[in-house]
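Colleague: Input structure: data.cif, which contains mmCIF, C-alpha atoms, pLDDT in the B column; chains and numbers go by the auth columns.
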```cif
data_coords
#
loop_
_atom_site.group_PDB
_atom_site.id
_atom_site.type_symbol
_atom_site.label_atom_id
_atom_site.label_comp_id
_atom_site.label_asym_id
_atom_site.label_seq_id
_atom_site.Cartn_x
_atom_site.Cartn_y
_atom_site.Cartn_z
_atom_site.B_iso_or_equiv
_atom_site.auth_seq_id
_atom_site.auth_asym_id
ATOM 1 C CA MET A 1 0.000 0.000 0.000 51.00 1 O
ATOM 2 C CA THR A 2 1.298 3.454 -0.908 46.00 2 O
ATOM 3 C CA GLU A 3 0.157 6.864 0.259 50.00 3 O
ATOM 4 C CA THR A 4 0.806 10.017 -1.712 46.00 4 O
ATOM 5 C CA ALA A 5 2.055 13.261 -0.277 50.00 5 O
ATOM 6 C CA PRO A 6 1.068 16.403 -2.195 49.00 6 O
ATOM 7 C CA THR A 7 3.744 18.771 -3.420 47.00 7 O
ATOM 8 C CA THR A 8 3.489 22.441 -4.255 48.00 8 O
ATOM 9 C CA ASN A 9 3.554 21.932 -8.039 53.00 9 O
ATOM 10 C CA ASN A 10 0.628 19.435 -8.343 54.00 10 O
ATOM 11 C CA GLU A 11 2.894 16.391 -8.397 57.00 11 O
ATOM 12 C CA THR A 12 2.686 13.639 -5.812 58.00 12 O
ATOM 13 C CA LEU A 13 5.432 11.834 -3.970 58.00 13 O
ATOM 14 C CA PRO A 14 4.973 8.138 -3.174 61.00 14 O
ATOM 15 C CA VAL A 15 5.342 7.371 0.526 68.00 15 O
ATOM 16 C CA SER A 16 5.137 3.748 1.645 80.00 16 O
ATOM 17 C CA ALA A 17 2.390 3.066 4.138 87.00 17 O
ATOM 18 C CA ILE A 18 3.160 0.929 7.174 92.00 18 O
ATOM 19 C CA LYS A 19 0.904 -1.819 8.465 93.00 19 O
ATOM 20 C CA ASN A 20 1.800 -1.414 12.156 96.00 20 O
ATOM 21 C CA GLY A 21 4.008 1.070 13.967 96.00 21 O
ATOM 22 C CA THR A 22 4.340 4.800 14.543 96.00 22 O
ATOM 23 C CA VAL A 23 4.361 7.777 12.172 96.00 23 O
ATOM 24 C CA ILE A 24 5.930 11.027 13.356 96.00 24 O
ATOM 25 C CA ASP A 25 4.778 13.721 10.941 93.00 25 O
ATOM 26 C CA HIS A 26 5.099 17.498 10.759 93.00 26 O
ATOM 27 C CA ILE A 27 8.581 17.412 12.270 94.00 27 O
ATOM 28 C CA THR A 28 10.302 20.788 12.182 92.00 28 O
ATOM 29 C CA GLN A 29 12.606 20.737 9.162 93.00 29 O
ATOM 30 C CA GLY A 30 16.114 19.579 10.106 91.00 30 O
ATOM 31 C CA GLN A 31 15.090 17.887 13.377 92.00 31 O
ATOM 32 C CA ALA A 32 14.405 14.310 12.180 94.00 32 O
ATOM 33 C CA LEU A 33 17.978 13.123 12.733 91.00 33 O
ATOM 34 C CA ARG A 34 17.931 14.424 16.310 90.00 34 O
ATOM 35 C CA ILE A 35 14.685 12.526 16.928 93.00 35 O
ATOM 36 C CA ILE A 36 16.174 9.368 15.422 92.00 36 O
ATOM 37 C CA HIS A 37 19.049 9.632 17.883 88.00 37 O
ATOM 38 C CA LEU A 38 16.717 10.415 20.787 89.00 38 O
ATOM 39 C CA LEU A 39 14.644 7.285 20.106 91.00 39 O
ATOM 40 C CA GLY A 40 17.630 5.045 19.364 89.00 40 O
ATOM 41 C CA LEU A 41 16.290 4.225 15.910 90.00 41 O
ATOM 42 C CA ALA A 42 19.731 3.751 14.342 85.00 42 O
ATOM 43 C CA SER A 43 20.030 0.476 16.254 84.00 43 O
ATOM 44 C CA HIS A 44 16.360 -0.462 15.832 76.00 44 O
ATOM 45 C CA ASP A 45 15.796 -3.819 14.095 84.00 45 O
ATOM 46 C CA ASN A 46 12.702 -2.816 12.117 85.00 46 O
ATOM 47 C CA LYS A 47 12.370 -0.665 9.035 91.00 47 O
ATOM 48 C CA VAL A 48 12.554 3.114 9.552 92.00 48 O
ATOM 49 C CA THR A 49 11.575 5.453 6.727 92.00 49 O
ATOM 50 C CA ILE A 50 12.866 9.020 6.882 92.00 50 O
ATOM 51 C CA GLY A 51 11.723 11.960 4.791 92.00 51 O
ATOM 52 C CA LEU A 52 13.745 15.157 4.953 93.00 52 O
ATOM 53 C CA HIS A 53 12.723 18.582 3.651 90.00 53 O
ATOM 54 C CA LEU A 54 9.327 17.416 2.354 91.00 54 O
ATOM 55 C CA PRO A 55 6.793 20.016 1.228 90.00 55 O
ATOM 56 C CA SER A 56 4.126 20.879 3.801 87.00 56 O
ATOM 57 C CA LYS A 57 1.208 23.292 3.568 88.00 57 O
ATOM 58 C CA ARG A 58 1.309 23.763 7.343 84.00 58 O
ATOM 59 C CA LEU A 59 5.087 24.218 7.828 84.00 59 O
ATOM 60 C CA GLY A 60 6.465 25.077 4.386 90.00 60 O
ATOM 61 C CA ASN A 61 8.878 22.143 4.655 92.00 61 O
ATOM 62 C CA LYS A 62 8.900 19.285 7.142 93.00 62 O
ATOM 63 C CA ASP A 63 10.600 16.045 8.070 94.00 63 O
ATOM 64 C CA LEU A 64 8.831 12.704 8.566 95.00 64 O
ATOM 65 C CA ILE A 65 9.707 9.415 10.308 95.00 65 O
ATOM 66 C CA LYS A 66 7.850 6.102 9.966 96.00 66 O
ATOM 67 C CA ILE A 67 8.816 3.296 12.339 95.00 67 O
ATOM 68 C CA GLU A 68 7.504 -0.151 11.533 95.00 68 O
ATOM 69 C CA ASN A 69 6.448 -2.494 14.337 94.00 69 O
ATOM 70 C CA ARG A 70 7.285 -0.109 17.172 94.00 70 O
ATOM 71 C CA ILE A 71 4.801 1.885 19.209 94.00 71 O
ATOM 72 C CA LEU A 72 6.256 4.860 21.074 94.00 72 O
ATOM 73 C CA THR A 73 5.549 5.277 24.749 92.00 73 O
ATOM 74 C CA GLU A 74 3.833 8.427 25.955 90.00 74 O
ATOM 75 C CA ASP A 75 7.138 9.602 27.480 89.00 75 O
ATOM 76 C CA GLU A 76 8.965 9.098 24.151 92.00 76 O
ATOM 77 C CA ALA A 77 6.228 11.022 22.339 93.00 77 O
ATOM 78 C CA ASN A 78 6.529 13.891 24.817 91.00 78 O
ATOM 79 C CA GLU A 79 10.330 14.023 24.443 91.00 79 O
ATOM 80 C CA ILE A 80 9.923 14.633 20.700 93.00 80 O
ATOM 81 C CA VAL A 81 8.260 17.965 21.536 91.00 81 O
ATOM 82 C CA ILE A 82 11.628 19.397 22.609 91.00 82 O
ATOM 83 C CA PHE A 83 12.825 19.105 18.984 91.00 83 O
ATOM 84 C CA SER A 84 9.536 19.637 17.185 91.00 84 O
ATOM 85 C CA PRO A 85 6.661 21.203 19.132 88.00 85 O
ATOM 86 C CA LEU A 86 4.194 20.835 16.218 88.00 86 O
ATOM 87 C CA ALA A 87 4.946 17.189 15.411 92.00 87 O
ATOM 88 C CA THR A 88 2.009 14.831 15.128 93.00 88 O
ATOM 89 C CA ILE A 89 2.506 11.282 16.386 96.00 89 O
ATOM 90 C CA ASN A 90 0.164 8.549 15.193 95.00 90 O
ATOM 91 C CA VAL A 91 0.009 4.862 16.054 96.00 91 O
ATOM 92 C CA ILE A 92 -0.796 2.712 13.021 96.00 92 O
ATOM 93 C CA GLN A 93 -2.536 -0.677 13.225 96.00 93 O
ATOM 94 C CA ASN A 94 -3.578 -2.569 10.083 96.00 94 O
ATOM 95 C CA PHE A 95 -2.738 0.493 7.935 94.00 95 O
ATOM 96 C CA ASP A 96 -5.114 2.763 9.910 95.00 96 O
ATOM 97 C CA VAL A 97 -4.480 5.392 12.580 95.00 97 O
ATOM 98 C CA SER A 98 -5.560 3.776 15.846 95.00 98 O
ATOM 99 C CA LYS A 99 -4.286 6.482 18.211 94.00 99 O
ATOM 100 C CA LYS A 100 -3.070 10.062 18.031 94.00 100 O
ATOM 101 C CA TYR A 101 -0.797 11.266 20.807 91.00 101 O
ATOM 102 C CA THR A 102 -1.514 14.578 22.481 88.00 102 O
ATOM 103 C CA THR A 103 1.981 15.653 23.492 89.00 103 O
ATOM 104 C CA HIS A 104 3.292 17.965 26.186 89.00 104 O
ATOM 105 C CA LEU A 105 6.738 19.424 26.719 90.00 105 O
ATOM 106 C CA PRO A 106 8.504 17.353 29.402 93.00 106 O
ATOM 107 C CA LYS A 107 9.585 19.169 32.583 94.00 107 O
ATOM 108 C CA THR A 108 13.003 17.476 32.697 95.00 108 O
ATOM 109 C CA MET A 109 15.289 15.531 30.381 93.00 109 O
ATOM 110 C CA LYS A 110 18.284 13.336 31.228 92.00 110 O
ATOM 111 C CA LYS A 111 21.206 12.188 29.070 89.00 111 O
ATOM 112 C CA VAL A 112 20.019 13.901 25.861 89.00 112 O
ATOM 113 C CA PHE A 113 21.903 17.200 25.849 91.00 113 O
ATOM 114 C CA ILE A 114 25.446 18.228 26.809 93.00 114 O
ATOM 115 C CA CYS A 115 25.877 21.223 29.104 95.00 115 O
ATOM 116 C CA ARG A 116 27.987 23.941 27.460 94.00 116 O
ATOM 117 C CA ASN A 117 29.271 25.375 30.728 95.00 117 O
ATOM 118 C CA PRO A 118 32.972 24.354 30.923 95.00 118 O
ATOM 119 C CA THR A 119 32.889 24.474 34.734 96.00 119 O
ATOM 120 C CA CYS A 120 29.815 22.228 35.048 95.00 120 O
ATOM 121 C CA VAL A 121 30.345 18.975 36.957 95.00 121 O
ATOM 122 C CA THR A 122 29.117 17.065 33.892 93.00 122 O
ATOM 123 C CA GLN A 123 32.242 18.184 32.028 90.00 123 O
ATOM 124 C CA ALA A 124 34.671 16.692 34.555 89.00 124 O
ATOM 125 C CA GLU A 125 32.859 13.687 35.997 90.00 125 O
ATOM 126 C CA THR A 126 30.814 10.826 34.624 89.00 126 O
ATOM 127 C CA VAL A 127 27.478 12.324 35.611 91.00 127 O
ATOM 128 C CA ASP A 128 24.508 12.136 33.254 91.00 128 O
ATOM 129 C CA SER A 129 23.279 15.515 32.098 94.00 129 O
ATOM 130 C CA TYR A 130 19.983 16.613 33.594 96.00 130 O
ATOM 131 C CA PHE A 131 18.036 19.655 32.418 97.00 131 O
ATOM 132 C CA HIS A 132 14.873 21.401 33.579 97.00 132 O
ATOM 133 C CA ILE A 133 12.793 22.533 30.603 95.00 133 O
ATOM 134 C CA THR A 134 10.660 25.650 30.252 94.00 134 O
ATOM 135 C CA GLU A 135 8.958 27.341 27.348 89.00 135 O
ATOM 136 C CA GLN A 136 9.314 31.093 26.968 85.00 136 O
ATOM 137 C CA GLY A 137 7.106 32.214 24.123 83.00 137 O
ATOM 138 C CA LYS A 138 8.144 30.045 21.191 79.00 138 O
ATOM 139 C CA GLN A 139 11.596 29.348 22.615 86.00 139 O
ATOM 140 C CA ILE A 140 12.474 26.245 24.606 90.00 140 O
ATOM 141 C CA LYS A 141 14.928 26.898 27.439 94.00 141 O
ATOM 142 C CA LEU A 142 16.930 24.261 29.280 96.00 142 O
ATOM 143 C CA THR A 143 18.470 24.883 32.690 97.00 143 O
ATOM 144 C CA CYS A 144 21.232 22.552 33.836 97.00 144 O
ATOM 145 C CA HIS A 145 20.326 20.896 37.120 97.00 145 O
ATOM 146 C CA TYR A 146 23.960 21.036 38.326 97.00 146 O
ATOM 147 C CA CYS A 147 25.361 24.424 37.300 97.00 147 O
ATOM 148 C CA GLU A 148 21.981 26.176 36.897 97.00 148 O
ATOM 149 C CA LYS A 149 22.991 27.840 33.601 97.00 149 O
ATOM 150 C CA THR A 150 20.146 28.318 31.107 97.00 150 O
ATOM 151 C CA PHE A 151 20.464 27.719 27.361 96.00 151 O
ATOM 152 C CA ASP A 152 18.252 27.842 24.275 93.00 152 O
ATOM 153 C CA ARG A 153 17.611 24.354 22.937 87.00 153 O
ATOM 154 C CA ASP A 154 19.575 25.084 19.764 85.00 154 O
ATOM 155 C CA GLN A 155 22.637 26.175 21.770 89.00 155 O
ATOM 156 C CA LEU A 156 23.109 22.666 23.166 88.00 156 O
ATOM 157 C CA LYS A 157 24.620 19.665 21.437 85.00 157 O
ATOM 158 C CA VAL A 158 22.836 16.345 21.487 83.00 158 O
ATOM 159 C CA ASN A 159 24.724 13.699 23.462 80.00 159 O
ATOM 160 C CA LEU A 160 25.694 11.180 20.789 64.00 160 O
#
```
Give the structure from this file in structure tokens form.
Modeller:
Amino acid sequence: MTETAPTTNNETLPVSAIKNGTVIDHITQGQALRIIHLLGLASHDNKVTIGLHLPSKRLGNKDLIKIENRILTEDEANEIVIFSPLATINVIQNFDVSKKYTTHLPKTMKKVFICRNPTCVTQAETVDSYFHITEQGKQIKLTCHYCEKTFDRDQLKVNL
């Protein structure tokens, strides 16, 4: 089964449908690879389909991830919000949407980001990073639990 995604010039792009799994759509352009890392999909045994810089009426351009035979937990769905607040996350069963997640920005996040403060304890010791997350307007701010420095999400590197 194949779905078609509309483009801006009346052409269609074929996108393979999945029988069972999760579709993460309307990902902020350029954030799909961060989400793949966050979810550990590079080492996932099932098929993962990635679309980068796809046309979107809602976003202009978007990324897309389809994960066969894996259903995200509610916590995993909420963590995606840090990279893409407008992402839609759908559970697919027998080629149909069986559930749509309503996501919320998590209050904390461990092990995902690296603190930029050179004097932070996480730089010198084997301590997992731990950030408190707040939203200020359209910006996502992360405050290091240890050194209490605050950063914009895009200022921090993802812990690979």
Colleague: Give me, as a VMD selection string, all polymer residues having an atom no more than 8 Å from region 21-33 of chain O, counting all atoms listed in the file and skipping those fewer than 2 positions away in the same chain.
Modeller: chain O and resid 18 to 19 35 to 37 50 52 to 53 56 59 61 to 72 83 to 93
Colleague: For Glu135 (chain O), which residue out of O:Asn117, O:Thr108, O:Thr102, O:Asn159 is the nearest one, using all atoms listed in the file?
Modeller: O:Thr108
Colleague: When you draw a straight line from CA of Asn78 (chain O) to CA of Val121 (chain O), how long is it in Å?
Modeller: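 Between these atoms lies a distance of 27.2 Å.
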Colleague: What's the separation between CA of Thr122 (chain O) and CA of Tyr146 (chain O), in Å to one decimal place?
Modeller: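 CA of Tyr146 (chain O) lies 7.9 Å from CA of Thr122 (chain O).
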Colleague: Apply the PyMOL selection byres ((chain O and resi 109) around 9) to the file shown and report the selected residues as a list in words.
Modeller: Glu79, Pro106, Lys107, Thr108, Lys110, Lys111, Val112, Phe113, Ser129, Tyr130, Phe131, His132, Ile133 and Leu142 of chain O
Colleague: Select from region 112-136 of chain O every residue with an atom at most 8 Å from any atom of region 150-156 of chain O, then for each give the shortest pair of atoms and their distance in Å to one decimal, using all atoms listed in the file, rows by chain and rising number, as a tab-separated table.
Modeller:
```
residue	atom	partner	partner_atom	distance
O:Phe113	CA	O:Leu156	CA	6.2
O:Ile114	CA	O:Leu156	CA	6.2
O:Cys115	CA	O:Leu156	CA	6.7
O:Arg116	CA	O:Leu156	CA	6.6
```
Colleague: Grab the CA of Asp75 (chain O) to CA of Leu105 (chain O) distance for me, in Å with one decimal place.
Modeller: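 One can read the CA of Asp75 (chain O) to CA of Leu105 (chain O) distance as 9.9 Å.
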